[in-house]
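Student: Please find one structure pasted underneath; my questions will follow.
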Amino acid sequence: MSELFAVSAPGLVAFTARELAALGLNTGAQSDEGEDGGVTFSGGLPEIYRANLHLRTASRILLRFGQFYAAAFSELRKKASRLPWENYLHAEQPIALRVTCHNSKLYHSGAVAERILGAIGDRLNRPVPAARYDENSDVPAQLVVVRLVNNQCTLSIDTSGAHLHRRGYRKAVAKAPLRETLAAGLLMAAGWDGASPLLDPFCGSGTIPIEAALLSRKIAPGRLRRFTFMDWPNFDLAQWQAQLDQADQAVLAGGPILQASDRDAGAIESARANAVRAGVLDAIEFTQQAVSAIQPPHQPGWVVTNPPYGVRVRSTHDLRNLYEQFGKVLRLTCPGWHAAILGSDPVLLGHTRLKFDGIFSFNNGGINVQLACGKIPPDFDQSVVP
Ligand SMILES: C[S@@+](CC[C@H](N)C(=O)[O-])C[C@H]1O[C@@H](n2cnc3c(N)ncnc32)[C@H](O)[C@@H]1O
């Protein structure tokens, strides 16, 4: 059993912990320290495969590969060269090192990286090519994370490869798309039950409804993509295939009503193309229409959406009016529904005149955003209409 770490973005850590527990993976202490936030759990190759295949909110899964004291470069190189790198690195495999040093005698991250590369070369009896880690590549170099804290060195090897938000279905993007991991987290934070109707009237490239379809049909989010562990010399193809078969058997044929709309024709076209790739086009009713034209089903459900909020999208429209109109449309057409609206500006959200009783904070592409959650009044109240 090794220590594993599911890295999660700020605001998503608690949801990743819940997901790990639901998957029956044994979780340990949690930390929420920004970039390094995440959840520890334990396991071997089967648990690494399971977490990568099923987690919807995690960014990547790290294998805590070695931990030792090192206060001198010679000590660092010697101890790092004792680790079984050959299990994880194939010939010619370029390595990208991410080094952080805190309160340690070895504080020069470049020099630490050089010694670790040297140690891997010592172990494998060949020079190891260094590479830059390209977050946007579909096949990034093997990432090795080195942390030196109080002279304790922790070496972690990345098991995922490309960031886990890259499910493989979203090739077409509209304006300001959400990360898939965040969209899944919004659905969880909103408390959507996976069975009631769901509406996204500002769907853009369709990330929220597609994640909702994957969630409600129990489709594994990693089903379509490659992972770094597949390139490791110790890759267990039979184990991986067994996990894929098990995941496929769990998929449900039907699901709740999922309505997605956007006034932009190009956005709807992208959303449909993404839904086709995700294998969930039949699960979602896509319509090109303005928010004022929505016709939700009578059975109450959840509105989970990400309207334009003025920082990433420079809308020519008056956002204040849009939010006022949106609030009015919700009160008229969705009485008794749950609403979860993602925005960066509480003043704009206030223009909806809806009451929110839960606020969750996240980060979307470097911008701090809040998901405001509340219940739309069951009866339409004329007095709050502007
Ligand atoms: C922030 S983006 C949504 C991004 C989406 N969550 C995604 O992941 O791609 C906001 C969307 O609202 C749409 N929009 C703006 N005003 C609208 C209106 N009045 N009615 C419907 N859609 C509107 C825009 O076309 C844009 O696609």
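Going by the structure tokens order, chains are called A, B, ..., each with residues numbered from 1, while ligands are numbered from 1 in the order shown.
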Could you list, as a ChimeraX atom specification, all the residues within 8 Å of ligand 1, counting only C-alpha atoms and all ligand atoms?
Tutor: /A:173-180,183,201-208,261-264,267,271,289-292,305-309,312-313,315,317,322
Student: Can those selected residues be exported to a file as a CSV table (one decimal), in the first residue's frame so that it contains N, CA and C atoms?
Tutor:
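Saved as part18.csv:
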```csv
chain,number,residue,atom,x,y,z
A,173,VAL,N,-15.1,24.8,-27.7
A,173,VAL,CA,-15.4,25.7,-26.6
A,173,VAL,C,-16.0,27.0,-27.0
A,174,ALA,N,-17.0,27.4,-26.2
A,174,ALA,CA,-17.6,28.7,-26.5
A,174,ALA,C,-16.8,29.7,-25.6
A,175,LYS,N,-17.4,30.9,-25.3
A,175,LYS,CA,-16.7,31.9,-24.5
A,175,LYS,C,-16.6,31.4,-23.0
A,176,ALA,N,-15.5,31.7,-22.4
A,176,ALA,CA,-15.3,31.5,-21.0
A,176,ALA,C,-15.8,30.1,-20.5
A,177,PRO,N,-15.3,29.0,-21.0
A,177,PRO,CA,-15.8,27.7,-20.5
A,177,PRO,C,-15.3,27.4,-19.1
A,178,LEU,N,-16.1,26.7,-18.4
A,178,LEU,CA,-15.7,26.2,-17.1
A,178,LEU,C,-14.9,24.9,-17.2
A,179,ARG,N,-14.0,24.7,-16.2
A,179,ARG,CA,-13.3,23.4,-16.2
A,179,ARG,C,-14.4,22.4,-15.9
A,180,GLU,N,-14.2,21.2,-16.4
A,180,GLU,CA,-15.2,20.1,-16.2
A,180,GLU,C,-15.2,19.7,-14.7
A,183,ALA,N,-17.3,22.2,-13.0
A,183,ALA,CA,-18.7,22.0,-13.3
A,183,ALA,C,-19.3,20.9,-12.5
A,201,PRO,N,-29.6,27.6,-18.4
A,201,PRO,CA,-30.0,28.5,-19.5
A,201,PRO,C,-28.9,29.4,-20.1
A,202,PHE,N,-27.7,29.3,-19.5
A,202,PHE,CA,-26.5,30.0,-20.1
A,202,PHE,C,-25.4,28.9,-20.3
A,203,CYS,N,-25.7,27.9,-21.1
A,203,CYS,CA,-24.9,26.7,-21.1
A,203,CYS,C,-23.6,26.8,-21.8
A,204,GLY,N,-23.4,27.8,-22.7
A,204,GLY,CA,-22.1,27.9,-23.4
A,204,GLY,C,-21.8,26.6,-24.1
A,205,SER,N,-20.6,26.1,-23.8
A,205,SER,CA,-20.1,24.9,-24.5
A,205,SER,C,-20.7,23.6,-23.9
A,206,GLY,N,-21.6,23.8,-22.9
A,206,GLY,CA,-22.4,22.6,-22.4
A,206,GLY,C,-21.7,21.9,-21.2
A,207,THR,N,-20.7,22.5,-20.6
A,207,THR,CA,-20.0,21.7,-19.6
A,207,THR,C,-20.9,21.3,-18.4
A,208,ILE,N,-21.7,22.2,-17.9
A,208,ILE,CA,-22.6,21.8,-16.8
A,208,ILE,C,-23.6,20.7,-17.1
A,261,SER,N,-29.6,25.6,-22.6
A,261,SER,CA,-29.9,26.6,-23.7
A,261,SER,C,-28.9,27.7,-23.6
A,262,ASP,N,-28.8,28.4,-24.7
A,262,ASP,CA,-27.9,29.6,-24.8
A,262,ASP,C,-28.4,30.4,-26.0
A,263,ARG,N,-28.3,31.7,-25.9
A,263,ARG,CA,-28.8,32.5,-27.1
A,263,ARG,C,-27.9,32.4,-28.3
A,264,ASP,N,-26.6,32.0,-28.0
A,264,ASP,CA,-25.6,32.0,-29.1
A,264,ASP,C,-25.7,30.7,-29.9
A,267,ALA,N,-22.5,28.6,-29.6
A,267,ALA,CA,-22.3,27.9,-28.3
A,267,ALA,C,-23.1,26.6,-28.4
A,271,ALA,N,-21.7,22.9,-27.9
A,271,ALA,CA,-22.3,22.1,-26.8
A,271,ALA,C,-22.7,20.7,-27.3
A,289,GLN,N,-31.8,29.7,-27.5
A,289,GLN,CA,-32.8,30.7,-27.1
A,289,GLN,C,-32.2,31.6,-26.0
A,290,ALA,N,-32.8,32.8,-25.9
A,290,ALA,CA,-32.4,33.7,-24.8
A,290,ALA,C,-33.0,33.2,-23.5
A,291,VAL,N,-32.5,33.6,-22.4
A,291,VAL,CA,-33.0,33.1,-21.1
A,291,VAL,C,-34.5,33.5,-20.9
A,292,SER,N,-34.9,34.6,-21.5
A,292,SER,CA,-36.3,35.0,-21.4
A,292,SER,C,-37.3,34.0,-22.0
A,305,THR,N,-26.1,27.2,-13.1
A,305,THR,CA,-25.7,27.9,-14.3
A,305,THR,C,-24.6,28.9,-14.0
A,306,ASN,N,-24.0,29.4,-15.0
A,306,ASN,CA,-22.9,30.3,-15.0
A,306,ASN,C,-23.1,31.4,-16.0
A,307,PRO,N,-23.9,32.4,-15.6
A,307,PRO,CA,-24.2,33.5,-16.5
A,307,PRO,C,-23.0,34.3,-16.8
A,308,PRO,N,-23.0,35.2,-17.8
A,308,PRO,CA,-21.8,36.0,-18.0
A,308,PRO,C,-21.6,36.9,-16.8
A,309,TYR,N,-20.4,37.0,-16.3
A,309,TYR,CA,-20.2,37.8,-15.1
A,309,TYR,C,-19.2,39.0,-15.3
A,312,ARG,N,-14.5,37.7,-17.4
A,312,ARG,CA,-13.9,37.0,-18.5
A,312,ARG,C,-14.6,37.4,-19.8
A,313,VAL,N,-15.9,37.6,-19.7
A,313,VAL,CA,-16.6,37.9,-20.9
A,313,VAL,C,-17.0,39.4,-20.9
A,315,SER,N,-19.2,41.6,-22.1
A,315,SER,CA,-20.4,41.6,-22.7
A,315,SER,C,-20.8,43.0,-23.1
A,317,HIS,N,-23.8,43.8,-23.4
A,317,HIS,CA,-25.1,43.9,-22.7
A,317,HIS,C,-25.0,44.4,-21.3
A,322,LEU,N,-29.5,42.1,-17.3
A,322,LEU,CA,-29.6,40.6,-17.5
A,322,LEU,C,-29.9,39.9,-16.2
```
Student: Just the residues within 10 Å of segment 370-377 of chain A, please, counting only C-alpha atoms, with nothing from its chain fewer than 6 positions along; format it as a PyMOL selection string.
Tutor: chain A and resi 11+186+189-191+302-306+327+330-346+349+353-364
Student: From the set A:Ile61, A:Ala21, A:Leu45, A:Leu281, which residue has the shortest atom-to-atom contact distance to Gln239 of chain A, counting only C-alpha atoms?
Tutor: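 Using only C-alpha atoms, the shortest distance to Gln239 of chain A belongs to A:Leu45.
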Student: I need the residues of segment 161-343 of chain A that end up classed as helix (DSSP H, G or I) by DSSP on the backbone, written out as a PyMOL selection string.
Tutor: chain A and resi 180-190+207-216+228-231+237-249+265-278+281-283+291-293+319-333
Student: Could you jot down the atom CA of Gln93 of chain A to atom CA of Cys153 of chain A separation for me, Å, one decimal place?
Tutor: 22.9 Å
Student: If you run DSSP on the backbone here, which positions in segment 116-187 of chain A get strand (DSSP E or B)? Please write them as a ChimeraX atom specification.
Tutor: /A:130,142-149,152-158
Student: When you draw a straight line from atom CA of Leu124 of chain A to atom CA of Asn234 of chain A, how long is it in Å?
Tutor: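 Atom CA of Asn234 of chain A lies 15.2 Å from atom CA of Leu124 of chain A.
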Student: So that I can see what lies close to Phe73 of chain A, please list as a JSON list (two decimals) with N, CA, C and O atoms, in the first residue's frame the residues with an atom at most 10 Å from it, counting only C-alpha atoms and leaving out residues fewer than 5 positions away in the same chain.
Tutor:
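Just written: result-v6.json:
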```json
[["chain", "number", "residue", "atom", "x", "y", "z"],
["A", 78, "LYS", "N", 21.80, 10.42, -3.30],
["A", 78, "LYS", "CA", 21.97, 9.02, -2.91],
["A", 78, "LYS", "C", 20.63, 8.38, -2.52],
["A", 78, "LYS", "O", 20.28, 7.30, -2.99],
["A", 79, "LYS", "N", 19.88, 9.08, -1.68],
["A", 79, "LYS", "CA", 18.61, 8.50, -1.21],
["A", 79, "LYS", "C", 17.59, 8.40, -2.34],
["A", 79, "LYS", "O", 16.85, 7.42, -2.43],
["A", 105, "LYS", "N", 17.59, 23.27, 4.30],
["A", 105, "LYS", "CA", 18.96, 23.64, 3.94],
["A", 105, "LYS", "C", 19.11, 23.64, 2.42],
["A", 105, "LYS", "O", 19.87, 24.43, 1.87],
["A", 106, "LEU", "N", 18.45, 22.75, 1.76],
["A", 106, "LEU", "CA", 18.45, 22.74, 0.30],
["A", 106, "LEU", "C", 17.28, 23.62, -0.16],
["A", 106, "LEU", "O", 16.13, 23.22, -0.05],
["A", 111, "ALA", "N", 18.74, 23.51, -8.39],
["A", 111, "ALA", "CA", 19.81, 22.58, -8.02],
["A", 111, "ALA", "C", 19.21, 21.27, -7.49],
["A", 111, "ALA", "O", 19.74, 20.18, -7.76],
["A", 112, "VAL", "N", 18.09, 21.37, -6.78],
["A", 112, "VAL", "CA", 17.42, 20.15, -6.29],
["A", 112, "VAL", "C", 16.95, 19.32, -7.48],
["A", 112, "VAL", "O", 17.16, 18.09, -7.55],
["A", 114, "GLU", "N", 18.13, 19.25, -10.47],
["A", 114, "GLU", "CA", 19.30, 18.66, -11.15],
["A", 114, "GLU", "C", 19.75, 17.38, -10.43],
["A", 114, "GLU", "O", 20.04, 16.37, -11.08],
["A", 115, "ARG", "N", 19.77, 17.42, -9.07],
["A", 115, "ARG", "CA", 20.22, 16.23, -8.30],
["A", 115, "ARG", "C", 19.22, 15.08, -8.44],
["A", 115, "ARG", "O", 19.61, 13.91, -8.50],
["A", 116, "ILE", "N", 17.93, 15.41, -8.48],
["A", 116, "ILE", "CA", 16.93, 14.34, -8.61],
["A", 116, "ILE", "C", 17.06, 13.68, -9.99],
["A", 116, "ILE", "O", 17.03, 12.44, -10.12]]
```
Student: Find, counting only C-alpha atoms, the residue in A:Gly66, A:Gly118, A:Gly24, A:Gly350 that gets nearest to Glu47 of chain A.
Tutor: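 Once distances to Glu47 of chain A are computed over only C-alpha atoms, the minimum belongs to A:Gly24.
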Student: Do you know which residues are at most 9 Å from Leu252 of chain A counting only C-alpha atoms, after dropping those on the same chain fewer than 5 positions away, and could you put them as a count of residues only?
Tutor: 4
Student: May I have the residues within 10 Å of segment 127-131 of chain A as JSON, numbers by chain, using only C-alpha atoms and disregarding those fewer than 2 positions away in the same chain?
Tutor: {"A": [89, 91, 92, 93, 94, 95, 96, 97, 113, 114, 117, 118, 119, 120, 121, 122, 123, 124, 125, 133, 134, 140, 141, 142, 143]}
Student: So how far away is atom CA of Ala278 of chain A from atom CA of Pro46 of chain A, in Å?
Tutor: 24.4 Å
Student: Find the residue from A:Ala220, A:Ala213, A:Ala70, A:Ala184 that sits nearest to Leu155 of chain A; use only C-alpha atoms when measuring.
Tutor: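 Nearest candidate to Leu155 of chain A out of A:Ala220, A:Ala213, A:Ala70, A:Ala184: A:Ala70.
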Student: Using only C-alpha atoms, which of A:Asp200, A:Asp231, A:Asp138, A:Glu269 sits nearest Leu164 of chain A?
Tutor: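 When distances to Leu164 of chain A are compared using only C-alpha atoms, the smallest one comes from A:Asp138.
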